[in-house]
file coords-v6.cif (mmCIF, C-alpha atoms and all ligand atoms)
data_run
loop_
_atom_site.group_PDB
_atom_site.id
_atom_site.type_symbol
_atom_site.label_atom_id
_atom_site.label_comp_id
_atom_site.auth_asym_id
_atom_site.auth_seq_id
_atom_site.Cartn_x
_atom_site.Cartn_y
_atom_site.Cartn_z
ATOM 1 C CA MET A 1 112.682 138.991 93.885
ATOM 2 C CA VAL A 2 112.898 142.038 96.146
ATOM 3 C CA CYS A 3 110.126 144.598 95.638
ATOM 4 C CA THR A 4 111.182 148.002 94.381
ATOM 5 C CA THR A 5 107.749 149.612 94.274
ATOM 6 C CA ILE A 6 105.346 149.673 97.241
ATOM 7 C CA LYS A 7 106.898 147.139 99.665
ATOM 8 C CA LYS A 8 110.498 148.157 99.046
ATOM 9 C CA GLY A 9 112.954 145.591 100.384
ATOM 10 C CA VAL A 10 110.334 142.827 100.834
ATOM 11 C CA ASP A 11 110.940 139.604 98.931
ATOM 12 C CA CYS A 12 107.970 139.068 96.624
ATOM 13 C CA PHE A 13 106.862 136.360 94.197
ATOM 14 C CA PHE A 14 105.309 138.904 91.819
ATOM 15 C CA MET A 15 108.381 141.098 91.384
ATOM 16 C CA THR A 16 110.422 140.565 88.215
ATOM 17 C CA ASN A 17 113.045 142.452 86.247
ATOM 18 C CA ASN A 18 110.133 143.959 84.311
ATOM 19 C CA GLY A 19 108.473 145.279 87.462
ATOM 20 C CA CYS A 20 105.528 144.076 89.486
ATOM 21 C CA GLN A 21 103.516 141.421 87.658
ATOM 22 C CA PHE A 22 100.584 141.402 90.060
ATOM 23 C CA ASN A 23 97.203 142.227 88.584
ATOM 24 C CA GLY A 24 97.099 146.022 88.451
ATOM 25 C CA GLY A 25 100.880 146.377 88.770
ATOM 26 C CA SER A 26 101.019 146.928 92.524
ATOM 27 C CA CYS A 27 99.746 145.702 95.895
ATOM 28 C CA HIS A 28 96.447 146.895 97.305
ATOM 29 C CA THR A 29 95.984 148.335 100.790
ATOM 30 C CA ILE A 30 94.401 146.353 103.604
ATOM 31 C CA VAL A 31 90.650 146.314 104.121
ATOM 32 C CA GLU A 32 88.580 146.977 107.255
ATOM 33 C CA GLN A 33 88.434 143.271 108.180
ATOM 34 C CA CYS A 34 92.264 143.185 108.377
ATOM 35 C CA ILE A 35 92.472 145.727 111.204
ATOM 36 C CA GLY A 36 94.152 144.077 114.187
ATOM 37 C CA CYS A 37 96.040 141.469 112.146
ATOM 38 C CA GLN A 38 99.748 141.070 112.895
ATOM 39 C CA LYS A 39 100.560 140.681 109.203
ATOM 40 C CA ILE A 40 99.909 144.361 108.501
ATOM 41 C CA LEU A 41 102.919 146.318 107.285
ATOM 42 C CA ASP A 42 102.922 150.028 108.095
ATOM 43 C CA LEU A 43 104.712 151.677 105.190
ATOM 44 C CA PRO A 44 105.044 155.326 104.174
ATOM 45 C CA THR A 45 102.781 154.488 101.222
ATOM 46 C CA GLY A 46 100.021 153.035 103.444
ATOM 47 C CA GLN A 47 99.111 149.804 105.219
ATOM 48 C CA TYR A 48 99.701 146.578 103.306
ATOM 49 C CA CYS A 49 99.593 142.866 104.031
ATOM 50 C CA GLN A 50 102.875 140.988 104.426
ATOM 51 C CA SER A 51 101.447 137.885 102.782
ATOM 52 C CA PHE A 52 98.884 138.920 100.178
ATOM 53 C CA PRO A 53 98.920 141.631 97.506
ATOM 54 C CA ASP A 54 95.121 142.014 97.505
ATOM 55 C CA PRO A 55 93.664 141.634 101.026
ATOM 56 C CA ALA A 56 90.104 142.365 99.863
ATOM 57 C CA MET A 57 90.234 139.181 97.802
ATOM 58 C CA ARG A 58 91.149 137.147 100.898
ATOM 59 C CA TRP A 59 87.944 138.237 102.620
ATOM 60 C CA ARG A 60 85.635 137.979 99.617
ATOM 61 C CA ILE A 61 84.558 134.388 100.295
ATOM 62 C CA GLY A 62 84.859 134.369 104.071
ATOM 63 C CA ARG A 63 87.539 134.767 106.708
ATOM 64 C CA CYS A 64 91.135 135.235 105.589
ATOM 65 C CA SER A 65 92.975 131.992 106.287
ATOM 66 C CA MET A 66 96.123 133.812 107.462
ATOM 67 C CA ALA A 67 94.403 136.319 109.765
ATOM 68 C CA THR A 68 95.969 136.382 113.226
ATOM 69 C CA HIS A 69 93.206 138.360 114.908
ATOM 70 C CA ALA A 70 89.917 136.789 113.824
ATOM 71 C CA LYS A 71 88.949 133.296 114.888
ATOM 72 C CA SER A 72 87.081 131.018 112.528
ATOM 73 C CA THR A 73 83.442 130.358 113.325
ATOM 74 C CA PRO A 74 82.644 126.847 114.504
ATOM 75 C CA SER A 75 80.683 124.614 112.145
ATOM 76 C CA LYS A 76 78.125 123.795 114.860
ATOM 77 C CA VAL A 77 75.532 126.512 115.371
ATOM 78 C CA ASN A 78 73.659 126.591 118.691
ATOM 79 C CA GLY A 79 74.937 123.094 119.470
ATOM 80 C CA LYS A 80 73.065 121.592 116.514
ATOM 81 C CA LEU A 81 74.754 119.345 113.992
ATOM 82 C CA ASN A 82 74.319 119.490 110.253
ATOM 83 C CA PRO A 83 71.417 116.997 109.699
ATOM 84 C CA LEU A 84 73.085 115.525 106.602
ATOM 85 C CA LYS A 85 76.343 114.859 108.450
ATOM 86 C CA ALA A 86 74.436 113.454 111.422
ATOM 87 C CA SER A 87 72.545 110.973 109.250
ATOM 88 C CA LYS A 88 75.777 109.863 107.565
ATOM 89 C CA ARG A 89 77.384 109.373 110.976
ATOM 90 C CA ARG A 90 74.475 107.202 112.125
ATOM 91 C CA ALA A 91 74.578 105.143 108.917
ATOM 92 C CA GLY A 92 78.304 104.568 109.102
HETATM 93 S S1 LIG B 101 96.847 138.044 106.599
HETATM 94 FE FE1 LIG B 101 94.721 138.326 105.917
HETATM 95 S S2 LIG B 101 93.755 139.494 107.602
HETATM 96 FE FE2 LIG B 101 95.985 139.687 107.864
HETATM 97 S S3 LIG B 101 96.496 141.590 106.809
HETATM 98 FE FE3 LIG B 101 96.797 139.919 105.344
HETATM 99 S S4 LIG B 101 94.850 139.776 104.221
HETATM 100 FE FE4 LIG B 101 94.471 140.988 106.064
#

call {"tool": "encode", "arguments": {"input": "coords-v6.cif", "output": "structure tokens"}}
result
Amino acid sequence: MVCTTIKKGVDCFFMTNNGCQFNGGSCHTIVEQCIGCQKILDLPTGQYCQSFPDPAMRWRIGRCSMATHAKSTPSKVNGKLNPLKASKRRAG
């Protein structure tokens, strides 16, 4: 349903005839880690994410999976493999 609160005119899963059903009753603004992402909506009420109502939650356990500006870190660090994975590879 189309949002009638913060993201007016944007189709949103959380919007119902009874208003916004997202936790807290409205979207939350972007967080510092979001700066540079192409999914940011500049609205008169502030900067919000096109895809997620609570951007801070997307960054709580690591990189946001929909971020367009930040690349994921490779699993290999300094060219070394995870010793557990390496031993499994050798065994198999
Ligand atoms: S997609 Fe992720 S990084 Fe981009 S604005 Fe939304 S929450 Fe932030």

call {"tool": "residues_near_point", "arguments": {"input": "coords-v6.cif", "point": "(91.1, 141.4, 100.3)", "cutoff": "12 Å", "atoms": "all atoms listed in the file", "output": "list of chain:residue names"}}
result
A:Cys27, A:His28, A:Thr29, A:Ile30, A:Val31, A:Glu32, A:Gln33, A:Cys34, A:Ile35, A:Tyr48, A:Cys49, A:Ser51, A:Phe52, A:Pro53, A:Asp54, A:Pro55, A:Ala56, A:Met57, A:Arg58, A:Trp59, A:Arg60, A:Ile61, A:Gly62, A:Arg63, A:Cys64, A:Ser65, A:Met66, A:Ala67

call {"tool": "closest_residue", "arguments": {"input": "coords-v6.cif", "among": "A:Cys3, A:Gly24, A:Asn17, A:Gln47", "to": "ligand LIG 101 (chain B)", "atoms": "all atoms listed in the file"}}
result
A:Gln47

call {"tool": "closest_residue", "arguments": {"input": "coords-v6.cif", "among": "A:Thr16, A:Gln38, A:Ser87, A:Ser26", "to": "ligand LIG 101 (chain B)", "atoms": "all atoms listed in the file"}}
result
A:Gln38

call {"tool": "closest_residue", "arguments": {"input": "coords-v6.cif", "among": "A:Ala91, A:Gln50, A:Lys71, A:Leu81", "to": "ligand LIG 101 (chain B)", "atoms": "all atoms listed in the file"}}
result
A:Gln50

call {"tool": "residues_around", "arguments": {"input": "coords-v6.cif", "residues": "A:Met1", "least_positions_apart": "6", "cutoff": "9 Å", "atoms": "only C-alpha atoms", "output": "ChimeraX atom specification"}}
result
/A:10-17

call {"tool": "axis_aligned_box", "arguments": {"input": "coords-v6.cif", "around": "ligand LIG 101 (chain B)", "padding_each_side": "4 Å", "output": "lines of an AutoDock Vina configuration file"}}
result
center_x = 95.3
center_y = 139.8
center_z = 106.0
size_x = 11.1
size_y = 11.5
size_z = 11.6

call {"tool": "closest_residue", "arguments": {"input": "coords-v6.cif", "among": "A:Thr4, A:Asn23, A:Thr68, A:Asn82", "to": "A:Gly36", "atoms": "only C-alpha atoms"}}
result
A:Thr68

call {"tool": "atom_distance", "arguments": {"input": "coords-v6.cif", "atom1": "atom FE1 of ligand LIG 101 (chain B)", "atom2": "atom CA of A:Asn18"}}
result
27.1 Å

call {"tool": "closest_residue", "arguments": {"input": "coords-v6.cif", "among": "A:Gly19, A:Asp42, A:His69, A:Lys7", "to": "ligand LIG 101 (chain B)", "atoms": "all atoms listed in the file"}}
result
A:His69

call {"tool": "atom_distance", "arguments": {"input": "coords-v6.cif", "atom1": "atom FE3 of ligand LIG 101 (chain B)", "atom2": "atom CA of A:Cys37"}}
result
7.0 Å

call {"tool": "closest_residue", "arguments": {"input": "coords-v6.cif", "among": "A:Ile6, A:Gln21, A:Lys39, A:Pro83", "to": "ligand LIG 101 (chain B)", "atoms": "all atoms listed in the file"}}
result
A:Lys39

call {"tool": "build_atoms", "arguments": {"input": "coords-v6.cif", "residues": "stretch 26-58 of chain A", "atoms": "N, CA and C atoms", "output": "short mmCIF file (atom, residue, chain, number, x, y, z; two decimals), in the frame of the given file"}}
result
data_model
loop_
_atom_site.label_atom_id
_atom_site.label_comp_id
_atom_site.auth_asym_id
_atom_site.auth_seq_id
_atom_site.Cartn_x
_atom_site.Cartn_y
_atom_site.Cartn_z
N SER A 26 100.56 146.62 91.17
CA SER A 26 101.02 146.93 92.52
C SER A 26 100.09 146.28 93.55
N CYS A 27 100.56 146.25 94.80
CA CYS A 27 99.75 145.70 95.90
C CYS A 27 98.60 146.65 96.22
N HIS A 28 97.59 146.09 96.86
CA HIS A 28 96.45 146.90 97.30
C HIS A 28 96.50 147.03 98.82
N THR A 29 95.96 148.10 99.34
CA THR A 29 95.98 148.34 100.79
C THR A 29 95.06 147.35 101.50
N ILE A 30 95.24 147.27 102.82
CA ILE A 30 94.40 146.35 103.60
C ILE A 30 92.96 146.83 103.60
N VAL A 31 92.06 145.96 104.03
CA VAL A 31 90.65 146.31 104.12
C VAL A 31 90.26 146.35 105.60
N GLU A 32 89.05 146.81 105.87
CA GLU A 32 88.58 146.98 107.26
C GLU A 32 88.70 145.69 108.07
N GLN A 33 88.39 144.55 107.46
CA GLN A 33 88.43 143.27 108.18
C GLN A 33 89.85 142.91 108.65
N CYS A 34 90.87 143.48 108.03
CA CYS A 34 92.26 143.18 108.38
C CYS A 34 92.71 143.88 109.66
N ILE A 35 92.02 144.92 110.07
CA ILE A 35 92.47 145.73 111.20
C ILE A 35 92.63 144.86 112.45
N GLY A 36 93.84 144.89 113.01
CA GLY A 36 94.15 144.08 114.19
C GLY A 36 95.04 142.90 113.84
N CYS A 37 95.21 142.59 112.58
CA CYS A 37 96.04 141.47 112.15
C CYS A 37 97.53 141.82 112.29
N GLN A 38 98.32 140.84 112.70
CA GLN A 38 99.75 141.07 112.90
C GLN A 38 100.54 141.04 111.59
N LYS A 39 99.88 140.72 110.51
CA LYS A 39 100.56 140.68 109.20
C LYS A 39 100.53 142.03 108.49
N ILE A 40 99.99 143.04 109.13
CA ILE A 40 99.91 144.36 108.50
C ILE A 40 101.28 145.03 108.53
N LEU A 41 101.68 145.55 107.39
CA LEU A 41 102.92 146.32 107.28
C LEU A 41 102.56 147.80 107.22
N ASP A 42 103.13 148.58 108.13
CA ASP A 42 102.92 150.03 108.10
C ASP A 42 104.03 150.64 107.27
N LEU A 43 103.71 151.10 106.09
CA LEU A 43 104.71 151.68 105.19
C LEU A 43 104.38 153.14 104.92
N PRO A 44 105.34 153.92 104.49
CA PRO A 44 105.04 155.33 104.17
C PRO A 44 103.95 155.47 103.12
N THR A 45 103.78 154.44 102.29
CA THR A 45 102.78 154.49 101.22
C THR A 45 101.40 154.03 101.68
N GLY A 46 101.30 153.51 102.93
CA GLY A 46 100.02 153.04 103.44
C GLY A 46 100.19 151.74 104.20
N GLN A 47 99.06 151.08 104.51
CA GLN A 47 99.11 149.80 105.22
C GLN A 47 98.85 148.67 104.24
N TYR A 48 99.78 147.71 104.23
CA TYR A 48 99.70 146.58 103.31
C TYR A 48 99.86 145.28 104.07
N CYS A 49 99.46 144.19 103.43
CA CYS A 49 99.59 142.87 104.03
C CYS A 49 100.96 142.28 103.67
N GLN A 50 101.59 141.65 104.65
CA GLN A 50 102.88 140.99 104.43
C GLN A 50 102.74 139.83 103.45
N SER A 51 101.60 139.14 103.51
CA SER A 51 101.45 137.88 102.78
C SER A 51 100.71 137.98 101.46
N PHE A 52 99.73 138.89 101.37
CA PHE A 52 98.88 138.92 100.18
C PHE A 52 98.86 140.29 99.51
N PRO A 53 98.93 140.34 98.19
CA PRO A 53 98.92 141.63 97.51
C PRO A 53 97.54 142.27 97.45
N ASP A 54 96.48 141.46 97.58
CA ASP A 54 95.12 142.01 97.50
C ASP A 54 94.28 141.48 98.67
N PRO A 55 94.39 142.11 99.85
CA PRO A 55 93.66 141.63 101.03
C PRO A 55 92.15 141.52 100.83
N ALA A 56 91.56 142.41 100.06
CA ALA A 56 90.10 142.36 99.86
C ALA A 56 89.69 141.01 99.28
N MET A 57 90.53 140.46 98.42
CA MET A 57 90.23 139.18 97.80
C MET A 57 90.22 138.06 98.84
N ARG A 58 91.07 138.18 99.86
CA ARG A 58 91.15 137.15 100.90
C ARG A 58 89.88 137.09 101.75
#
